[in-house]
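One structure is given below, encoded as structure tokens.
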Amino acid sequence: MPLPFLTADGVSDVDDDGDEILAHADQDRWRRPYRPGPWRVGIGALLLLLSAFMLLATMIVAFAGGWGGALVCLVAALAVVGSAVQTLRIGVWVSPAGLRRVGFFVTRTTAWSEIGELRTVQQPVRWLGLPRTVQGQALTMGAQDGAEAPVLLTDHNADFLSRTEAFDRAADTVGAWADEYRPVAA
């Protein structure tokens with residue numbers, strides 16, 4: 001089985017047949033228009049580390065013969081792994097179908113035709129999703145009927161804390177997706 005390698009001049013040594021579809025070429029997939037921030041990745045990594053210790057405890061309890069305790073430890077470890085994965089999925093995702101706000105428990109999808117405008121505003125925002133609010137920037141979405149939807153992104157959430165340039169790029173990218181896929185009023 002030959003393994004493909006990238007040569008020094010950036011050319012792959014595998015023959016391209018053109019049959020392979022690259023992940024970035026599939027426009028119908030939901031994609032996050034920005035990278036997860038260091039706070040979100042750090043929280044996810046800590047949860048996965050905690051789950052590794054919980055799985056080790058599960059193994060120790062199972063080898064000791066306590067099957068009931070091992071089952072409880074296993075279920076708790078799997079819940080922590082699920083929480084870590086969901087923590088990494090939280091954010092705004094876009095596709096030609098619309099805009100998706102993924103939360104920890106709730107995911108809401110809005111079609112591009114239902115979005116009136118996207119704008120960046122100065123307002124009190126939650127710091128790392130905690131109840132404490134600070135003055136910051138938020139990307140908000142206005143609906144076509146004039147109703148104000150929840151905040152999409154803030155410069156103080158786990159993706160953009162201390163990364164204002166990344167917040168600006170993400171807001172611009174979401175706006176570009178909206179401009180490209182939102183139907184033009186006749």
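In the structure tokens, the first chain shown is A, the next is B, and so on; residue numbers restart at 1 for each chain, and ligands run from 1 in the order shown.
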
Inset, instruction - For Val102 of chain A, work out the shell of residues within 10 Å, counting only C-alpha atoms and skipping chain neighbours fewer than 5 positions away, then give it as a list in words. - result: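 Here the qualifying residues turn out to be Gln86, Thr87, Arg89, Ile90, Gly91, Val92, Trp93, Thr107, Arg108, Thr109 and Leu152 of chain A.
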
Inset, instruction - Using atom CA of Thr133 of chain A and atom CA of Ala178 of chain A as the two end points, give the distance in Å to one decimal. - result: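 Value for the atom CA of Thr133 of chain A-atom CA of Ala178 of chain A distance: 28.1 Å.
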
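Distances here use only C-alpha atoms; by that measure, the residue among A:Arg100, A:Ser162, A:Val151, A:Ala76 closest to Pro124 of chain A is A:Val151.
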
Near-Phe167 of chain A list (10 Å; only C-alpha atoms; drop same-chain fewer than 3 positions) as a PDB file with all heavy atoms, in the first residue's frame:
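Full text of out21.pdb as output:
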```pdb
ATOM      1  N   TYR A  34     -14.420  30.475  11.007  1.00  0.00           N
ATOM      2  CA  TYR A  34     -13.279  30.908  11.807  1.00  0.00           C
ATOM      3  C   TYR A  34     -12.757  29.703  12.588  1.00  0.00           C
ATOM      4  O   TYR A  34     -13.427  28.687  12.703  1.00  0.00           O
ATOM      5  CB  TYR A  34     -13.676  32.027  12.778  1.00  0.00           C
ATOM      6  CG  TYR A  34     -14.827  31.660  13.684  1.00  0.00           C
ATOM      7  CD1 TYR A  34     -14.593  31.065  14.914  1.00  0.00           C
ATOM      8  CD2 TYR A  34     -16.148  31.878  13.306  1.00  0.00           C
ATOM      9  CE1 TYR A  34     -15.640  30.699  15.735  1.00  0.00           C
ATOM     10  CE2 TYR A  34     -17.194  31.527  14.125  1.00  0.00           C
ATOM     11  CZ  TYR A  34     -16.933  30.942  15.332  1.00  0.00           C
ATOM     12  OH  TYR A  34     -17.972  30.573  16.147  1.00  0.00           O
ATOM     13  N   GLN A 137     -17.717  44.227  21.500  1.00  0.00           N
ATOM     14  CA  GLN A 137     -18.372  44.198  20.206  1.00  0.00           C
ATOM     15  C   GLN A 137     -19.142  42.904  20.054  1.00  0.00           C
ATOM     16  O   GLN A 137     -18.738  41.861  20.558  1.00  0.00           O
ATOM     17  CB  GLN A 137     -17.343  44.296  19.083  1.00  0.00           C
ATOM     18  CG  GLN A 137     -16.668  45.621  18.991  1.00  0.00           C
ATOM     19  CD  GLN A 137     -15.766  45.664  17.767  1.00  0.00           C
ATOM     20  OE1 GLN A 137     -15.816  44.812  16.892  1.00  0.00           O
ATOM     21  NE2 GLN A 137     -14.930  46.679  17.712  1.00  0.00           N
ATOM     22  N   ALA A 138     -20.246  42.983  19.325  1.00  0.00           N
ATOM     23  CA  ALA A 138     -21.064  41.802  19.071  1.00  0.00           C
ATOM     24  C   ALA A 138     -21.543  41.838  17.629  1.00  0.00           C
ATOM     25  O   ALA A 138     -21.880  42.908  17.105  1.00  0.00           O
ATOM     26  CB  ALA A 138     -22.256  41.764  20.013  1.00  0.00           C
ATOM     27  N   LEU A 139     -21.552  40.697  16.993  1.00  0.00           N
ATOM     28  CA  LEU A 139     -22.145  40.548  15.667  1.00  0.00           C
ATOM     29  C   LEU A 139     -23.586  40.132  15.889  1.00  0.00           C
ATOM     30  O   LEU A 139     -23.858  39.082  16.466  1.00  0.00           O
ATOM     31  CB  LEU A 139     -21.398  39.501  14.847  1.00  0.00           C
ATOM     32  CG  LEU A 139     -21.952  39.231  13.447  1.00  0.00           C
ATOM     33  CD1 LEU A 139     -21.784  40.465  12.561  1.00  0.00           C
ATOM     34  CD2 LEU A 139     -21.287  38.026  12.831  1.00  0.00           C
ATOM     35  N   LEU A 153     -21.853  36.386  17.545  1.00  0.00           N
ATOM     36  CA  LEU A 153     -20.474  36.331  18.012  1.00  0.00           C
ATOM     37  C   LEU A 153     -20.190  37.542  18.877  1.00  0.00           C
ATOM     38  O   LEU A 153     -20.763  38.602  18.658  1.00  0.00           O
ATOM     39  CB  LEU A 153     -19.496  36.371  16.823  1.00  0.00           C
ATOM     40  CG  LEU A 153     -19.601  35.321  15.745  1.00  0.00           C
ATOM     41  CD1 LEU A 153     -18.696  35.694  14.580  1.00  0.00           C
ATOM     42  CD2 LEU A 153     -19.218  33.983  16.291  1.00  0.00           C
ATOM     43  N   THR A 154     -19.290  37.381  19.853  1.00  0.00           N
ATOM     44  CA  THR A 154     -18.804  38.528  20.613  1.00  0.00           C
ATOM     45  C   THR A 154     -17.285  38.471  20.666  1.00  0.00           C
ATOM     46  O   THR A 154     -16.696  37.405  20.478  1.00  0.00           O
ATOM     47  CB  THR A 154     -19.351  38.548  22.058  1.00  0.00           C
ATOM     48  OG1 THR A 154     -18.768  37.479  22.788  1.00  0.00           O
ATOM     49  CG2 THR A 154     -20.863  38.446  22.087  1.00  0.00           C
ATOM     50  N   ASP A 155     -16.691  39.612  20.927  1.00  0.00           N
ATOM     51  CA  ASP A 155     -15.226  39.626  21.010  1.00  0.00           C
ATOM     52  C   ASP A 155     -14.724  39.202  22.380  1.00  0.00           C
ATOM     53  O   ASP A 155     -13.529  39.230  22.629  1.00  0.00           O
ATOM     54  CB  ASP A 155     -14.673  41.002  20.632  1.00  0.00           C
ATOM     55  CG  ASP A 155     -15.128  42.091  21.576  1.00  0.00           C
ATOM     56  OD1 ASP A 155     -16.079  41.868  22.347  1.00  0.00           O
ATOM     57  OD2 ASP A 155     -14.524  43.184  21.535  1.00  0.00           O
ATOM     58  N   HIS A 156     -15.636  38.795  23.266  1.00  0.00           N
ATOM     59  CA  HIS A 156     -15.243  38.314  24.596  1.00  0.00           C
ATOM     60  C   HIS A 156     -15.711  36.881  24.852  1.00  0.00           C
ATOM     61  O   HIS A 156     -15.794  36.448  25.993  1.00  0.00           O
ATOM     62  CB  HIS A 156     -15.810  39.240  25.686  1.00  0.00           C
ATOM     63  CG  HIS A 156     -15.054  40.522  25.805  1.00  0.00           C
ATOM     64  ND1 HIS A 156     -15.251  41.579  24.950  1.00  0.00           N
ATOM     65  CD2 HIS A 156     -14.089  40.902  26.656  1.00  0.00           C
ATOM     66  CE1 HIS A 156     -14.447  42.573  25.291  1.00  0.00           C
ATOM     67  NE2 HIS A 156     -13.727  42.180  26.323  1.00  0.00           N
ATOM     68  N   ASN A 157     -16.053  36.129  23.787  1.00  0.00           N
ATOM     69  CA  ASN A 157     -16.417  34.731  24.020  1.00  0.00           C
ATOM     70  C   ASN A 157     -15.169  33.856  23.947  1.00  0.00           C
ATOM     71  O   ASN A 157     -14.057  34.352  23.773  1.00  0.00           O
ATOM     72  CB  ASN A 157     -17.515  34.272  23.047  1.00  0.00           C
ATOM     73  CG  ASN A 157     -17.063  34.180  21.608  1.00  0.00           C
ATOM     74  OD1 ASN A 157     -15.899  34.351  21.294  1.00  0.00           O
ATOM     75  ND2 ASN A 157     -18.005  33.903  20.729  1.00  0.00           N
ATOM     76  N   ASP A 159     -13.956  32.032  21.765  1.00  0.00           N
ATOM     77  CA  ASP A 159     -13.236  31.987  20.500  1.00  0.00           C
ATOM     78  C   ASP A 159     -12.415  33.247  20.240  1.00  0.00           C
ATOM     79  O   ASP A 159     -11.419  33.186  19.526  1.00  0.00           O
ATOM     80  CB  ASP A 159     -14.210  31.791  19.335  1.00  0.00           C
ATOM     81  CG  ASP A 159     -14.800  30.407  19.318  1.00  0.00           C
ATOM     82  OD1 ASP A 159     -14.049  29.453  19.589  1.00  0.00           O
ATOM     83  OD2 ASP A 159     -16.004  30.272  19.038  1.00  0.00           O
ATOM     84  N   PHE A 160     -12.822  34.381  20.778  1.00  0.00           N
ATOM     85  CA  PHE A 160     -12.198  35.645  20.391  1.00  0.00           C
ATOM     86  C   PHE A 160     -11.682  36.488  21.544  1.00  0.00           C
ATOM     87  O   PHE A 160     -11.309  37.636  21.336  1.00  0.00           O
ATOM     88  CB  PHE A 160     -13.195  36.481  19.578  1.00  0.00           C
ATOM     89  CG  PHE A 160     -13.701  35.769  18.372  1.00  0.00           C
ATOM     90  CD1 PHE A 160     -15.013  35.350  18.290  1.00  0.00           C
ATOM     91  CD2 PHE A 160     -12.852  35.481  17.320  1.00  0.00           C
ATOM     92  CE1 PHE A 160     -15.480  34.685  17.181  1.00  0.00           C
ATOM     93  CE2 PHE A 160     -13.309  34.811  16.201  1.00  0.00           C
ATOM     94  CZ  PHE A 160     -14.626  34.412  16.135  1.00  0.00           C
ATOM     95  N   LEU A 161     -11.622  35.967  22.755  1.00  0.00           N
ATOM     96  CA  LEU A 161     -11.109  36.738  23.878  1.00  0.00           C
ATOM     97  C   LEU A 161      -9.656  37.110  23.614  1.00  0.00           C
ATOM     98  O   LEU A 161      -8.821  36.249  23.343  1.00  0.00           O
ATOM     99  CB  LEU A 161     -11.228  35.938  25.175  1.00  0.00           C
ATOM    100  CG  LEU A 161     -10.887  36.709  26.444  1.00  0.00           C
ATOM    101  CD1 LEU A 161     -11.872  37.851  26.652  1.00  0.00           C
ATOM    102  CD2 LEU A 161     -10.916  35.796  27.652  1.00  0.00           C
ATOM    103  N   SER A 162      -9.352  38.398  23.647  1.00  0.00           N
ATOM    104  CA  SER A 162      -8.018  38.956  23.371  1.00  0.00           C
ATOM    105  C   SER A 162      -7.568  38.728  21.928  1.00  0.00           C
ATOM    106  O   SER A 162      -6.389  38.736  21.642  1.00  0.00           O
ATOM    107  CB  SER A 162      -6.970  38.368  24.326  1.00  0.00           C
ATOM    108  OG  SER A 162      -7.317  38.643  25.654  1.00  0.00           O
ATOM    109  N   ARG A 163      -8.501  38.501  21.023  1.00  0.00           N
ATOM    110  CA  ARG A 163      -8.185  38.319  19.602  1.00  0.00           C
ATOM    111  C   ARG A 163      -9.151  39.148  18.761  1.00  0.00           C
ATOM    112  O   ARG A 163      -9.979  38.621  18.034  1.00  0.00           O
ATOM    113  CB  ARG A 163      -8.312  36.846  19.224  1.00  0.00           C
ATOM    114  CG  ARG A 163      -7.337  35.941  19.932  1.00  0.00           C
ATOM    115  CD  ARG A 163      -7.581  34.473  19.594  1.00  0.00           C
ATOM    116  NE  ARG A 163      -7.639  34.248  18.165  1.00  0.00           N
ATOM    117  CZ  ARG A 163      -8.425  33.334  17.596  1.00  0.00           C
ATOM    118  NH1 ARG A 163      -9.196  32.576  18.332  1.00  0.00           N
ATOM    119  NH2 ARG A 163      -8.432  33.178  16.294  1.00  0.00           N
ATOM    120  N   THR A 164      -9.054  40.471  18.852  1.00  0.00           N
ATOM    121  CA  THR A 164     -10.009  41.333  18.145  1.00  0.00           C
ATOM    122  C   THR A 164      -9.868  41.220  16.631  1.00  0.00           C
ATOM    123  O   THR A 164     -10.859  41.348  15.918  1.00  0.00           O
ATOM    124  CB  THR A 164      -9.847  42.797  18.582  1.00  0.00           C
ATOM    125  OG1 THR A 164      -8.469  43.157  18.483  1.00  0.00           O
ATOM    126  CG2 THR A 164     -10.318  42.999  19.997  1.00  0.00           C
ATOM    127  N   ALA A 170     -13.793  37.134  11.379  1.00  0.00           N
ATOM    128  CA  ALA A 170     -14.944  36.226  11.430  1.00  0.00           C
ATOM    129  C   ALA A 170     -16.230  36.970  11.107  1.00  0.00           C
ATOM    130  O   ALA A 170     -17.079  36.458  10.360  1.00  0.00           O
ATOM    131  CB  ALA A 170     -15.037  35.574  12.802  1.00  0.00           C
ATOM    132  N   ALA A 171     -16.392  38.178  11.637  1.00  0.00           N
ATOM    133  CA  ALA A 171     -17.590  38.970  11.345  1.00  0.00           C
ATOM    134  C   ALA A 171     -17.647  39.313   9.859  1.00  0.00           C
ATOM    135  O   ALA A 171     -18.718  39.244   9.236  1.00  0.00           O
ATOM    136  CB  ALA A 171     -17.602  40.230  12.193  1.00  0.00           C
ATOM    137  N   ASP A 172     -16.512  39.657   9.279  1.00  0.00           N
ATOM    138  CA  ASP A 172     -16.472  39.955   7.844  1.00  0.00           C
ATOM    139  C   ASP A 172     -16.784  38.719   7.009  1.00  0.00           C
ATOM    140  O   ASP A 172     -17.469  38.803   5.988  1.00  0.00           O
ATOM    141  CB  ASP A 172     -15.108  40.514   7.451  1.00  0.00           C
ATOM    142  CG  ASP A 172     -14.857  41.903   8.008  1.00  0.00           C
ATOM    143  OD1 ASP A 172     -15.836  42.561   8.414  1.00  0.00           O
ATOM    144  OD2 ASP A 172     -13.680  42.314   8.049  1.00  0.00           O
ATOM    145  N   THR A 173     -16.292  37.567   7.436  1.00  0.00           N
ATOM    146  CA  THR A 173     -16.535  36.326   6.691  1.00  0.00           C
ATOM    147  C   THR A 173     -18.007  35.937   6.749  1.00  0.00           C
ATOM    148  O   THR A 173     -18.589  35.548   5.726  1.00  0.00           O
ATOM    149  CB  THR A 173     -15.667  35.185   7.242  1.00  0.00           C
ATOM    150  OG1 THR A 173     -14.303  35.588   7.203  1.00  0.00           O
ATOM    151  CG2 THR A 173     -15.848  33.921   6.442  1.00  0.00           C
TER     152      THR A 173
END
```
